[in-house]
file target_16.txt (compact mmCIF, C-alpha atoms and all ligand atoms)
# COMPACT_ATOMS: atom_id res chain seq x y z
CA MET A 1 162.01 82.52 162.80
CA LYS A 2 159.40 81.64 165.41
CA GLN A 3 162.12 80.65 167.92
CA ASP A 4 164.16 83.77 167.24
CA ASN A 5 161.17 85.92 168.11
CA ALA A 6 160.19 83.94 171.28
CA GLY A 7 161.73 86.48 173.65
CA ILE A 8 159.91 89.48 172.28
CA SER A 9 156.51 90.65 173.45
CA GLY A 10 153.68 88.12 173.53
CA ARG A 11 151.63 90.22 171.19
CA PHE A 12 154.33 90.15 168.55
CA THR A 13 154.85 86.38 169.09
CA ILE A 14 151.19 85.74 168.38
CA ILE A 15 151.43 87.73 165.17
CA ALA A 16 154.61 85.86 164.23
CA ILE A 17 153.07 82.46 164.97
CA SER A 18 150.00 83.35 162.95
CA LEU A 19 152.15 84.45 160.03
CA SER A 20 154.26 81.28 160.18
CA LEU A 21 151.19 79.09 160.29
CA ALA A 22 149.74 80.88 157.29
CA ILE A 23 152.96 80.40 155.31
CA GLY A 24 153.18 76.76 156.42
CA ILE A 25 149.65 76.00 155.34
CA PHE A 26 150.19 77.68 152.01
CA MET A 27 153.43 75.73 151.40
CA SER A 28 151.69 72.47 152.34
CA LEU A 29 148.90 73.18 149.91
CA MET A 30 151.46 73.91 147.20
CA LEU A 31 153.25 70.60 147.84
CA LEU A 32 149.99 68.62 147.98
CA GLY A 33 148.84 70.22 144.81
CA THR A 34 152.05 69.44 142.91
CA VAL A 35 151.98 65.79 143.90
CA SER A 36 148.28 65.52 143.11
CA ALA A 37 148.74 67.09 139.73
CA LYS A 38 151.50 64.69 138.82
CA SER A 39 149.62 61.66 140.13
CA GLY A 40 146.57 62.61 138.10
CA SER A 41 144.18 62.36 141.10
CA ASP A 42 140.62 63.42 140.36
CA ALA A 43 139.83 65.05 143.69
CA THR A 44 137.48 67.97 143.21
CA SER A 45 139.38 70.05 145.75
CA GLN A 46 142.39 70.04 143.47
CA LEU A 47 140.59 71.64 140.56
CA ALA A 48 141.36 75.15 141.76
CA PHE A 49 144.97 74.25 142.16
CA SER A 50 145.08 72.68 138.72
CA THR A 51 143.81 75.99 137.39
CA ILE A 52 146.67 77.79 139.11
CA MET A 53 149.13 75.31 137.65
CA ALA A 54 147.58 75.75 134.24
CA LYS A 55 148.06 79.48 134.53
CA LEU A 56 151.65 78.98 135.59
CA THR A 57 152.20 76.74 132.60
CA ALA A 58 150.56 79.32 130.39
CA ASN A 59 152.94 81.94 131.74
CA GLN A 60 155.85 79.64 130.99
CA VAL A 61 154.53 79.30 127.49
CA LEU A 62 154.41 83.05 127.09
CA GLU A 63 157.95 83.36 128.32
CA ASN A 64 159.10 80.60 126.01
CA PRO A 65 159.41 82.18 122.57
CA ARG A 66 157.86 80.28 119.69
CA SER A 67 159.76 79.30 116.60
CA SER A 68 163.07 80.78 117.67
CA ALA A 69 165.80 78.24 118.25
CA THR A 70 168.25 80.87 119.46
CA GLN A 71 165.91 82.29 122.03
CA ALA A 72 164.63 78.87 123.11
CA LYS A 73 168.12 77.99 124.36
CA VAL A 74 167.87 80.81 126.90
CA THR A 75 165.11 78.93 128.77
CA THR A 76 166.32 78.27 132.29
CA ALA A 77 163.66 75.83 133.50
CA PRO A 78 165.61 72.81 134.79
CA THR A 79 163.22 70.35 133.21
CA GLY A 80 163.22 72.09 129.79
CA SER A 81 160.26 72.44 127.49
CA ALA A 82 159.18 70.46 124.45
CA THR A 83 157.58 71.85 121.31
CA VAL A 84 154.91 70.13 119.26
CA LYS A 85 154.31 71.55 115.83
CA VAL A 86 152.67 71.13 112.49
CA PRO A 87 154.15 72.74 109.34
CA LEU A 88 153.84 76.53 109.37
CA LEU A 89 152.68 76.34 105.75
CA PHE A 90 151.90 73.04 104.07
CA GLU A 91 151.28 73.43 100.34
CA PHE A 92 148.80 70.82 99.21
CA THR A 93 148.94 70.32 95.44
CA LEU A 94 145.59 69.26 94.02
CA SER A 95 145.51 66.18 91.85
CA VAL A 96 143.75 66.07 88.50
CA THR A 97 142.53 62.51 88.66
CA GLY A 98 141.18 60.89 91.82
CA ALA A 99 141.11 62.30 95.32
CA SER A 100 143.76 64.76 96.39
CA VAL A 101 145.38 63.33 99.52
CA ALA A 102 148.32 64.59 101.54
CA SER A 103 150.02 63.61 104.80
CA VAL A 104 150.86 66.44 107.16
CA PRO A 105 153.59 65.59 109.70
CA VAL A 106 153.30 66.36 113.41
CA THR A 107 156.69 66.89 115.02
CA VAL A 108 157.84 66.87 118.64
CA LEU A 109 161.00 68.85 119.39
CA ASP A 110 163.37 69.01 122.35
CA THR A 111 161.77 66.68 124.86
CA PRO A 112 163.80 66.98 128.11
CA LEU A 113 166.40 64.18 128.28
CA GLY A 114 164.90 62.74 125.10
CA GLU A 115 162.02 61.24 127.00
CA LEU A 116 158.66 60.87 125.35
CA GLY A 117 156.51 58.09 126.73
CA ALA A 118 153.13 58.96 125.32
CA TYR A 119 151.06 61.76 123.90
CA GLN A 120 147.58 62.82 122.98
CA LEU A 121 147.14 65.62 120.47
CA LYS A 122 144.34 67.25 118.58
CA VAL A 123 144.21 69.48 115.52
CA SER A 124 141.22 71.53 114.44
CA TYR A 125 140.78 72.66 110.83
CA ASN A 126 138.25 74.02 108.35
CA PRO A 127 136.30 71.05 106.92
CA ALA A 128 135.27 73.15 103.91
CA VAL A 129 138.92 73.08 102.82
CA ILE A 130 140.35 69.78 104.11
CA ARG A 131 139.04 66.67 105.89
CA ALA A 132 141.13 64.35 108.03
CA THR A 133 140.61 60.74 106.99
CA SER A 134 143.19 58.97 109.15
CA VAL A 135 146.30 59.43 111.25
CA LEU A 136 149.39 57.38 110.52
CA GLY A 137 152.47 56.84 112.66
CA GLY A 138 155.74 58.71 112.36
CA ALA A 139 159.21 57.53 113.35
CA SER A 140 159.95 54.68 115.77
CA PRO A 141 158.98 54.28 118.57
CA PHE A 142 156.03 56.39 117.43
CA ASP A 143 155.64 54.63 114.11
CA GLY A 144 152.00 53.88 114.78
CA ILE A 145 149.07 55.40 116.57
CA THR A 146 146.80 53.82 119.13
CA ALA A 147 143.45 55.53 118.67
CA PHE A 148 142.02 58.42 116.70
CA ASN A 149 138.70 60.14 116.26
CA VAL A 150 137.26 62.94 114.17
CA THR A 151 134.56 65.13 115.69
CA SER A 152 132.80 68.36 114.85
CA PRO A 153 132.32 70.16 118.17
CA VAL A 154 131.51 73.46 116.49
CA THR A 155 129.80 74.05 113.15
CA GLY A 156 132.42 74.88 110.57
CA THR A 157 135.23 73.25 112.50
CA GLU A 158 136.40 69.68 112.62
CA VAL A 159 138.82 68.18 115.12
CA VAL A 160 141.02 65.13 114.70
CA GLU A 161 142.31 63.79 118.00
CA TRP A 162 144.62 60.85 118.51
CA ASN A 163 147.13 59.33 120.88
CA HIS A 164 149.90 56.81 121.17
CA PHE A 165 152.21 55.36 123.82
CA GLN A 166 155.43 53.51 123.33
CA GLY A 167 155.95 49.97 124.65
CA GLY A 168 159.27 50.62 126.37
CA SER A 169 161.30 53.59 127.53
CA VAL A 170 163.14 54.33 124.31
CA THR A 171 164.58 57.83 124.12
CA VAL A 172 163.72 59.95 121.13
CA PRO A 173 165.84 62.38 119.05
CA ALA A 174 165.62 66.15 119.41
CA SER A 175 163.18 66.16 116.50
CA ILE A 176 160.79 63.32 115.84
CA ASP A 177 157.71 63.04 113.66
CA VAL A 178 155.23 61.28 115.92
CA ALA A 179 152.35 61.14 113.46
CA ASN A 180 151.12 62.05 109.99
CA ILE A 181 147.61 63.36 109.59
CA VAL A 182 146.12 62.24 106.28
CA PHE A 183 143.96 64.98 104.78
CA THR A 184 141.76 64.92 101.71
CA ALA A 185 141.30 68.22 99.90
CA VAL A 186 137.68 69.32 99.54
CA GLY A 187 138.18 73.04 98.87
CA ALA A 188 139.31 74.87 95.78
CA ALA A 189 142.80 75.95 94.85
CA GLY A 190 143.86 79.07 96.69
CA GLU A 191 141.87 78.21 99.83
CA CYS A 192 143.65 77.67 103.12
CA SER A 193 142.81 76.18 106.52
CA THR A 194 144.61 76.85 109.76
CA LEU A 195 145.84 73.81 111.67
CA ASP A 196 145.12 74.65 115.29
CA LEU A 197 147.21 72.24 117.33
CA THR A 198 146.37 71.45 120.96
CA ILE A 199 148.57 69.34 123.22
CA VAL A 200 146.14 67.32 125.31
CA GLU A 201 148.91 65.34 126.97
CA LEU A 202 152.64 64.92 126.54
CA VAL A 203 154.34 62.73 129.15
CA ASP A 204 157.82 61.38 129.77
CA ASN A 205 158.71 57.75 130.38
CA SER A 206 157.48 58.06 133.96
CA ALA A 207 154.11 59.39 132.78
CA VAL A 208 155.00 62.82 134.16
CA SER A 209 153.68 65.72 132.15
CA ILE A 210 156.29 67.51 130.00
CA PRO A 211 156.05 71.32 129.80
CA SER A 212 155.31 72.03 126.18
CA VAL A 213 154.43 74.59 123.55
CA ALA A 214 152.16 74.03 120.55
CA GLU A 215 152.93 75.67 117.22
CA ASP A 216 150.00 76.00 114.84
CA GLY A 217 150.25 75.79 111.08
CA GLN A 218 148.34 76.16 107.87
CA VAL A 219 147.41 74.08 104.84
CA CYS A 220 146.87 75.82 101.52
CA LEU A 221 145.50 74.13 98.41
CA LEU A 222 147.49 74.62 95.22
CA GLU A 223 146.55 73.96 91.64
CA ALA A 224 148.22 70.99 90.00
CA PHE A 225 151.39 71.93 88.15
CA ALA A 226 150.33 72.61 84.61
CA ASN A 227 151.78 73.29 81.20
CA ALA A 228 150.32 75.22 78.29
CA GLU A 229 150.07 73.79 74.81
CA THR A 230 150.49 76.72 72.42
CA SER A 231 150.70 77.32 68.67
CA LEU A 232 151.93 79.76 66.05
CA ILE A 233 149.86 79.69 62.86
CA GLY A 234 150.04 81.48 59.54
CA THR A 235 146.72 83.22 59.00
CA GLN A 236 144.75 86.29 57.97
CA ASP A 237 143.39 88.63 60.62
CA GLY A 238 139.68 87.88 60.50
CA ASP A 239 138.88 91.08 62.42
CA ASP A 240 140.16 93.30 59.61
CA ALA A 241 138.20 93.78 56.38
CA ALA A 242 141.47 94.05 54.44
CA LEU A 243 142.43 90.59 55.77
CA PRO A 244 146.11 91.32 56.34
CA THR A 245 148.39 88.30 56.30
CA GLY A 246 150.60 87.24 59.18
CA VAL A 247 150.72 84.88 62.14
CA LYS A 248 148.60 84.33 65.21
CA ALA A 249 149.57 83.04 68.64
CA THR A 250 147.17 80.64 70.37
CA ILE A 251 146.89 78.79 73.67
CA ASP A 252 145.21 75.54 72.74
CA GLN A 253 145.10 73.52 75.94
CA ILE A 254 146.30 73.40 79.54
CA LYS A 255 147.64 70.03 80.67
CA ASP A 256 148.67 68.48 83.95
CA ALA A 257 152.46 68.66 84.11
CA GLY A 258 152.75 65.16 85.50
CA SER A 259 150.10 63.06 83.81
CA GLY A 260 149.59 65.14 80.68
CA ASP A 261 145.82 64.98 81.24
CA PRO A 262 143.85 68.00 80.02
CA LEU A 263 142.82 70.57 82.61
CA PRO A 264 139.79 72.07 80.85
CA GLY A 265 138.75 74.17 83.82
CA ARG A 266 142.12 75.76 84.39
CA LEU A 267 141.98 79.53 83.95
CA ILE A 268 144.59 81.52 82.04
CA GLY A 269 145.15 84.91 83.59
CA SER A 270 148.05 86.48 81.72
CA TYR A 271 150.94 85.87 79.37
CA LYS A 272 154.14 87.35 77.98
CA ALA A 273 155.65 86.19 74.71
CA ALA A 274 158.21 87.10 72.10
CA LEU A 275 157.92 86.54 68.36
CA THR A 276 161.36 86.46 66.76
CA PHE A 277 162.56 86.19 63.16
CA PRO A 278 165.59 87.23 61.05
CA ALA A 279 165.30 90.98 60.51
CA SER A 280 166.80 90.62 57.01
CA LEU A 281 164.04 88.24 55.90
CA ALA A 282 160.88 89.53 57.52
CA GLU A 283 159.29 92.50 59.25
CA ALA A 284 156.20 92.95 61.36
CA THR A 285 153.85 95.67 60.14
CA ASP A 286 151.18 95.45 62.85
CA CYS A 287 150.48 93.84 66.21
CA ARG A 288 147.03 93.28 67.73
CA LEU A 289 146.14 91.77 71.09
CA LYS A 290 142.85 89.91 70.96
CA SER A 291 139.96 89.68 73.41
CA PRO A 292 139.47 88.24 75.99
CA ILE A 293 143.11 88.45 77.07
CA ASP A 294 143.85 92.03 76.06
CA GLN A 295 143.85 93.94 79.35
CA SER A 296 146.58 95.99 81.01
CA PRO A 297 149.48 95.66 81.44
CA THR A 298 149.84 95.16 77.71
CA ASN A 299 152.68 95.10 75.23
CA CYS A 300 152.42 94.68 71.48
CA SER A 301 155.59 96.42 70.40
CA ILE A 302 157.44 95.87 67.15
CA SER A 303 161.18 96.17 66.60
CA ALA A 304 163.65 94.66 64.15
CA GLY A 305 163.26 90.88 64.26
CA LEU A 306 161.13 91.03 67.39
CA VAL A 307 157.51 91.50 68.46
CA GLN A 308 156.77 91.54 72.18
CA LEU A 309 153.36 90.37 73.32
CA GLN A 310 151.85 90.79 76.78
CA ALA A 311 148.31 91.01 78.22
CA THR A 312 146.11 89.91 81.10
CA ALA A 313 142.52 88.74 81.34
CA GLY A 314 141.65 91.62 83.67
CA VAL A 315 141.77 92.05 87.40
CA THR A 316 143.84 89.69 89.49
CA GLY A 317 142.07 86.42 90.13
CA SER A 318 140.23 86.28 86.82
CA GLY A 319 140.99 84.23 83.78
CA VAL A 320 139.62 82.37 80.77
CA THR A 321 139.81 78.75 79.74
CA ALA A 322 141.61 77.36 76.69
CA PRO A 323 141.43 77.29 73.74
CA ILE A 324 142.22 80.97 73.21
CA ASP A 325 142.38 81.43 69.46
CA PRO A 326 143.64 83.92 68.57
CA LEU A 327 145.59 85.28 71.51
CA ALA A 328 147.22 87.91 69.31
CA PHE A 329 147.79 88.62 65.61
CA VAL A 330 151.00 89.95 64.10
CA ALA A 331 150.94 91.16 60.48
CA LEU A 332 154.11 89.65 59.06
CA ARG A 333 155.79 90.51 55.76
CA LEU A 334 158.49 88.43 54.07
CA ILE A 335 161.12 90.75 52.58
CA GLY A 336 163.79 88.30 51.49
CA ALA A 337 164.37 86.45 48.22
CA ASN A 338 162.09 83.60 47.10
CA ASN A 339 164.87 81.09 47.84
CA SER A 340 165.33 82.15 51.48
CA PHE A 341 163.39 80.15 54.03
CA THR A 342 162.30 82.32 56.92
CA THR A 343 161.79 80.78 60.34
CA VAL A 344 159.60 82.55 62.89
CA ASN A 345 159.65 81.52 66.56
CA LEU A 346 157.11 82.13 69.31
CA ASN A 347 158.44 81.87 72.85
CA PHE A 348 156.10 82.35 75.80
CA THR A 349 158.31 83.72 78.53
CA GLU A 350 155.41 83.58 80.98
CA ILE A 351 151.92 82.10 81.10
CA LYS A 352 150.11 82.41 84.44
CA ASP A 353 146.82 81.09 85.72
CA ASP A 354 144.27 83.20 87.60
CA LEU A 355 146.15 82.63 90.87
CA GLY A 356 149.50 83.65 89.43
CA ASN A 357 150.88 80.11 89.10
CA LEU A 358 153.24 79.69 86.18
CA MET A 359 152.17 77.33 83.41
CA PRO A 360 155.18 76.84 81.14
CA GLN A 361 154.79 76.52 77.39
CA ILE A 362 155.15 72.92 76.23
CA SER A 363 158.16 72.39 73.91
CA PRO A 364 158.99 76.00 73.10
CA PRO A 365 159.35 77.60 70.70
CA ASP A 366 156.40 77.27 68.36
CA THR A 367 157.87 77.56 64.89
CA ARG A 368 156.72 78.33 61.37
CA THR A 369 158.86 78.46 58.24
CA PHE A 370 157.85 80.65 55.28
CA LEU A 371 159.05 81.10 51.70
CA ARG A 372 158.09 84.27 49.87
CA GLY A 373 155.89 83.38 46.87
CA ASP A 374 155.37 79.71 47.77
CA ALA A 375 151.58 79.96 47.95
CA LEU A 376 150.95 76.22 47.89
CA ALA A 377 153.84 75.63 50.29
CA ASP A 378 155.71 72.92 48.44
CA GLY A 379 159.15 74.44 48.96
CA GLY A 380 159.65 76.16 45.61
CA ILE A 381 158.21 78.75 43.25
CA SER A 382 156.14 77.54 40.26
CA ILE A 383 153.12 78.60 38.23
CA GLY A 384 151.05 76.44 40.60
CA ASP A 385 151.64 79.14 43.25
CA ALA A 386 150.09 81.76 40.96
CA LEU A 387 147.23 79.36 40.20
CA PHE A 388 146.48 78.85 43.92
CA ILE A 389 146.29 82.61 44.49
CA GLY A 390 144.01 83.03 41.48
CA GLN A 391 141.70 80.27 42.74
CA HIS A 392 141.67 81.78 46.23
CA LEU A 393 140.59 85.16 44.80
CA VAL A 394 137.51 83.60 43.21
CA ALA A 395 136.77 81.90 46.53
CA ALA A 396 137.60 78.48 45.19
CA ARG A 397 140.50 77.81 47.55
CA PRO A 398 140.74 78.65 51.24
CA VAL A 399 143.64 80.26 53.06
CA GLY A 400 145.39 78.04 55.56
CA GLU A 401 148.30 75.77 56.29
CA GLY A 402 146.74 72.48 55.25
CA PRO A 403 147.17 70.59 51.96
CA GLY A 404 145.49 72.38 49.06
CA GLU A 405 145.24 75.65 51.01
CA VAL A 406 146.90 78.96 50.21
CA ASN A 407 149.64 79.87 52.66
CA PRO A 408 148.73 83.42 53.64
CA VAL A 409 152.18 84.79 54.50
CA ASN A 410 153.91 83.23 51.50
CA ALA A 411 151.18 84.50 49.16
CA GLY A 412 150.46 87.96 50.59
CA SER A 413 154.15 88.96 50.82
CA VAL A 414 154.94 88.69 47.09
CA LYS A 415 153.64 92.15 46.19
CA HIS A 416 153.96 94.35 49.28
CA ASP A 417 150.86 96.31 50.21
CA SER A 418 150.27 99.20 52.60
CA PRO A 419 150.11 99.34 55.51
CA ASN A 420 149.92 95.54 55.78
CA ASP A 421 150.22 92.85 53.14
CA PHE A 422 147.16 91.00 51.84
CA ILE A 423 146.54 88.51 49.05
CA SER A 424 145.72 90.05 45.67
CA LEU A 425 145.97 89.35 41.96
CA ALA A 426 149.18 91.42 41.94
CA ASP A 427 150.86 88.69 44.04
CA ALA A 428 149.97 86.04 41.45
CA ILE A 429 151.08 88.21 38.53
CA LEU A 430 154.51 88.90 40.09
CA ILE A 431 155.05 85.15 40.52
CA ALA A 432 154.23 84.61 36.83
CA GLN A 433 156.58 87.45 35.84
CA PHE A 434 159.40 86.00 37.94
CA LEU A 435 159.01 82.62 36.24
CA VAL A 436 159.68 84.15 32.77
CA GLY A 437 162.46 86.44 34.03
CA ASN A 438 160.64 89.79 34.14
CA VAL A 439 161.48 90.32 37.82
CA ASP A 440 164.20 88.98 40.10
CA GLU A 441 163.98 86.63 43.09
CA LEU A 442 162.96 89.62 45.27
CA PHE A 443 160.02 90.13 42.88
CA GLN A 444 161.52 93.47 41.80
CA CA B 501 155.35 76.51 45.44
CA CA B 502 150.27 91.21 48.61
call {"tool": "encode", "arguments": {"input": "target_16.txt", "output": "structure tokens"}}
result
Amino acid sequence: MKQDNAGISGRFTIIAISLSLAIGIFMSLMLLGTVSAKSGSDATSQLAFSTIMAKLTANQVLENPRSSATQAKVTTAPTGSATVKVPLLFEFTLSVTGASVASVPVTVLDTPLGELGAYQLKVSYNPAVIRATSVLGGASPFDGITAFNVTSPVTGTEVVEWNHFQGGSVTVPASIDVANIVFTAVGAAGECSTLDLTIVELVDNSAVSIPSVAEDGQVCLLEAFANAETSLIGTQDGDDAALPTGVKATIDQIKDAGSGDPLPGRLIGSYKAALTFPASLAEATDCRLKSPIDQSPTNCSISAGLVQLQATAGVTGSGVTAPIDPLAFVALRLIGANNSFTTVNLNFTEIKDDLGNLMPQISPPDTRTFLRGDALADGGISIGDALFIGQHLVAARPVGEGPGEVNPVNAGSVKHDSPNDFISLADAILIAQFLVGNVDELFQ
């Protein structure tokens, strides 16, 4: 360009020469800077240039879409760009016994030409939720780490930083786990910590920096998987002066699903259940949800052979610990003959903790079998059944399901009362009348 303009006026030539010199100097600086950056020189004069390069890299990062494989393929940079990531959401299930420990993988994707010579990474997190205790290797040739350190540069934040280099020049696959950060849970279930990943260095087999993008993630602490031990029990409703007879549902204990260990602190937030029985042999006459799990949305509806139960402990995030006895009471009347065994089932279709985690019922359904008139629950009708009722009425014999106790449903259902059945002398008298043939097996 300078030669082409040599024949034109001297004034213009001077301008042209000046312009060329300026461009030349700028290009030289660019070249020097590139080489210096790659060689890792520490010259102070290159700091400004490094800043420019950093900005360029940052721009490349912005143009390189995160977490989109389809769009990533559009990248036209001849050298390509690698991605280093931690899981977008790592669910950390808390253990019941001992420390809760989990390994979170760190993955490098799409290194140009499969070259990954060495790296140094750091991840910051919330130490009130998780603490890094070590960093383990990933896949070969990055199946170990060289050095790691945990620091707390800012209050409320902890940083684990580590590095590793491979011994040779082995190429790596398009996706390789280069490390596993071992975290111990210190927070409570439901708490989360971001995993803020920073790529300190990522170099190829010639120690040349690889353009790269970091993808952050998150760790959330989850309650241990739990099951609910529940029961269905024949009883009288202690909240009613008339003491109607029926069955109660209870949640007795929450247990770790794996170990079976009790989880006494686990909160129960809500439940849904169904009580079922043959409509020809029994009917429900009342349904009552019991405090403290009696809040909306509720259901305590009665239909033929079915009572639906549903309630919550209150607002989302609240709950109560087991045992919950009673959860609900259903006044139950036997309507069949005194030779027809009546089986009642309680199925919890849903039990949730305060965080909404499901806690399935252990060995559903809970079952009880009743026989109308069999007050002492020995499987048949005899004068002993009338005796038991008589003794109960003078407070000499308790109501219950144990030996020597008066079965409330079997006893109360002999003579039907209104609106709900209860145990009275009329029940005992009807049994006696049946035994001498005054009434039939339906006590009519
Ligand atoms: Ca009996
Ligand atoms: Ca009765």
call {"tool": "residues_near_ligand", "arguments": {"input": "target_16.txt", "ligand": "ligand CA 502 (chain B)", "cutoff": "6 Å", "atoms": "all atoms listed in the file", "output": "ChimeraX atom specification"}}
result
/A:412-417,421-424,427
call {"tool": "residues_near_ligand", "arguments": {"input": "target_16.txt", "ligand": "ligand CA 501 (chain B)", "cutoff": "9 Å", "atoms": "all atoms listed in the file", "output": "ChimeraX atom specification"}}
result
/A:371,373-386
call {"tool": "axis_aligned_box", "arguments": {"input": "target_16.txt", "around": "segment 345-357 of chain A", "padding_each_side": "5 Å", "output": "JSON"}}
result
{"center_x": 152.0, "center_y": 81.9, "center_z": 78.7, "size_x": 25.4, "size_y": 13.6, "size_z": 34.3}
call {"tool": "residues_near_point", "arguments": {"input": "target_16.txt", "point": "(149.5, 90.5, 64.0)", "cutoff": "6 Å", "atoms": "all atoms listed in the file", "output": "mmCIF file with C-alpha atoms, in the frame of the given file"}}
result
data_model
loop_
_atom_site.group_PDB
_atom_site.id
_atom_site.type_symbol
_atom_site.label_atom_id
_atom_site.label_comp_id
_atom_site.auth_asym_id
_atom_site.auth_seq_id
_atom_site.Cartn_x
_atom_site.Cartn_y
_atom_site.Cartn_z
ATOM 1 C CA GLY A 246 150.600 87.240 59.180
ATOM 2 C CA ASP A 286 151.180 95.450 62.850
ATOM 3 C CA CYS A 287 150.480 93.840 66.210
ATOM 4 C CA ARG A 288 147.030 93.280 67.730
ATOM 5 C CA PHE A 329 147.790 88.620 65.610
ATOM 6 C CA VAL A 330 151.000 89.950 64.100
ATOM 7 C CA ALA A 331 150.940 91.160 60.480
#
call {"tool": "residues_near_point", "arguments": {"input": "target_16.txt", "point": "(144.7, 62.8, 102.2)", "cutoff": "10 Å", "atoms": "only C-alpha atoms", "output": "PyMOL selection string"}}
result
chain A and resi 92+99-104+130-135+181-186
call {"tool": "write_last_selection", "arguments": {"input": "target_16.txt", "atoms": "C-alpha atoms", "output": "CSV table (one decimal), in the frame of the given file"}}
result
chain,number,residue,atom,x,y,z
A,92,PHE,CA,148.8,70.8,99.2
A,99,ALA,CA,141.1,62.3,95.3
A,100,SER,CA,143.8,64.8,96.4
A,101,VAL,CA,145.4,63.3,99.5
A,102,ALA,CA,148.3,64.6,101.5
A,103,SER,CA,150.0,63.6,104.8
A,104,VAL,CA,150.9,66.4,107.2
A,130,ILE,CA,140.4,69.8,104.1
A,131,ARG,CA,139.0,66.7,105.9
A,132,ALA,CA,141.1,64.4,108.0
A,133,THR,CA,140.6,60.7,107.0
A,134,SER,CA,143.2,59.0,109.2
A,135,VAL,CA,146.3,59.4,111.2
A,181,ILE,CA,147.6,63.4,109.6
A,182,VAL,CA,146.1,62.2,106.3
A,183,PHE,CA,144.0,65.0,104.8
A,184,THR,CA,141.8,64.9,101.7
A,185,ALA,CA,141.3,68.2,99.9
A,186,VAL,CA,137.7,69.3,99.5
call {"tool": "residues_around", "arguments": {"input": "target_16.txt", "residues": "Glu201 of chain A", "least_positions_apart": "5", "cutoff": "9 Å", "atoms": "all atoms listed in the file", "output": "ChimeraX atom specification"}}
result
/A:118-121,163,209-210
call {"tool": "closest_residue", "arguments": {"input": "target_16.txt", "among": "A:Pro403, A:Gly356, A:Pro419, A:Gly80", "to": "Ala189 of chain A", "atoms": "all atoms listed in the file"}}
result
A:Gly356
call {"tool": "closest_residue", "arguments": {"input": "target_16.txt", "among": "A:Leu88, A:Ala284, A:Ile254, A:Val106", "to": "Asp143 of chain A", "atoms": "all atoms listed in the file"}}
result
A:Val106
call {"tool": "closest_residue", "arguments": {"input": "target_16.txt", "among": "A:Tyr271, A:Phe370, A:Phe341, A:Phe443", "to": "Ala426 of chain A", "atoms": "all atoms listed in the file"}}
result
A:Phe443
call {"tool": "atom_distance", "arguments": {"input": "target_16.txt", "atom1": "atom CA of Pro105 of chain A", "atom2": "atom CA of Leu358 of chain A"}}
result
27.4 Å
call {"tool": "build_atoms", "arguments": {"input": "target_16.txt", "residues": "segment 361-372 of chain A", "atoms": "N, CA and C atoms", "output": "PDB file, in the frame of the given file"}}
result
ATOM      1  N   GLN A 361     155.121  76.932  78.755  1.00  0.00           N
ATOM      2  CA  GLN A 361     154.790  76.520  77.390  1.00  0.00           C
ATOM      3  C   GLN A 361     155.411  75.150  77.119  1.00  0.00           C
ATOM      4  N   ILE A 362     154.629  74.243  76.562  1.00  0.00           N
ATOM      5  CA  ILE A 362     155.150  72.920  76.230  1.00  0.00           C
ATOM      6  C   ILE A 362     156.023  73.026  74.979  1.00  0.00           C
ATOM      7  N   SER A 363     157.224  72.470  75.045  1.00  0.00           N
ATOM      8  CA  SER A 363     158.160  72.390  73.910  1.00  0.00           C
ATOM      9  C   SER A 363     158.332  73.697  73.159  1.00  0.00           C
ATOM     10  N   PRO A 364     158.751  74.761  73.835  1.00  0.00           N
ATOM     11  CA  PRO A 364     158.990  76.000  73.100  1.00  0.00           C
ATOM     12  C   PRO A 364     160.238  75.874  72.219  1.00  0.00           C
ATOM     13  N   PRO A 365     160.364  76.660  71.156  1.00  0.00           N
ATOM     14  CA  PRO A 365     159.350  77.600  70.700  1.00  0.00           C
ATOM     15  C   PRO A 365     158.394  76.955  69.710  1.00  0.00           C
ATOM     16  N   ASP A 366     157.255  77.628  69.492  1.00  0.00           N
ATOM     17  CA  ASP A 366     156.400  77.270  68.360  1.00  0.00           C
ATOM     18  C   ASP A 366     157.049  77.883  67.131  1.00  0.00           C
ATOM     19  N   THR A 367     157.101  77.117  66.067  1.00  0.00           N
ATOM     20  CA  THR A 367     157.870  77.560  64.890  1.00  0.00           C
ATOM     21  C   THR A 367     157.050  77.448  63.608  1.00  0.00           C
ATOM     22  N   ARG A 368     157.272  78.408  62.723  1.00  0.00           N
ATOM     23  CA  ARG A 368     156.720  78.330  61.370  1.00  0.00           C
ATOM     24  C   ARG A 368     157.815  78.779  60.409  1.00  0.00           C
ATOM     25  N   THR A 369     157.875  78.092  59.261  1.00  0.00           N
ATOM     26  CA  THR A 369     158.860  78.460  58.240  1.00  0.00           C
ATOM     27  C   THR A 369     158.113  78.911  56.982  1.00  0.00           C
ATOM     28  N   PHE A 370     158.528  80.061  56.452  1.00  0.00           N
ATOM     29  CA  PHE A 370     157.850  80.650  55.280  1.00  0.00           C
ATOM     30  C   PHE A 370     158.828  80.804  54.126  1.00  0.00           C
ATOM     31  N   LEU A 371     158.264  80.853  52.900  1.00  0.00           N
ATOM     32  CA  LEU A 371     159.050  81.100  51.700  1.00  0.00           C
ATOM     33  C   LEU A 371     158.237  82.057  50.830  1.00  0.00           C
ATOM     34  N   ARG A 372     158.790  83.220  50.602  1.00  0.00           N
ATOM     35  CA  ARG A 372     158.090  84.270  49.870  1.00  0.00           C
ATOM     36  C   ARG A 372     157.686  83.796  48.468  1.00  0.00           C
TER      37      ARG A 372
END
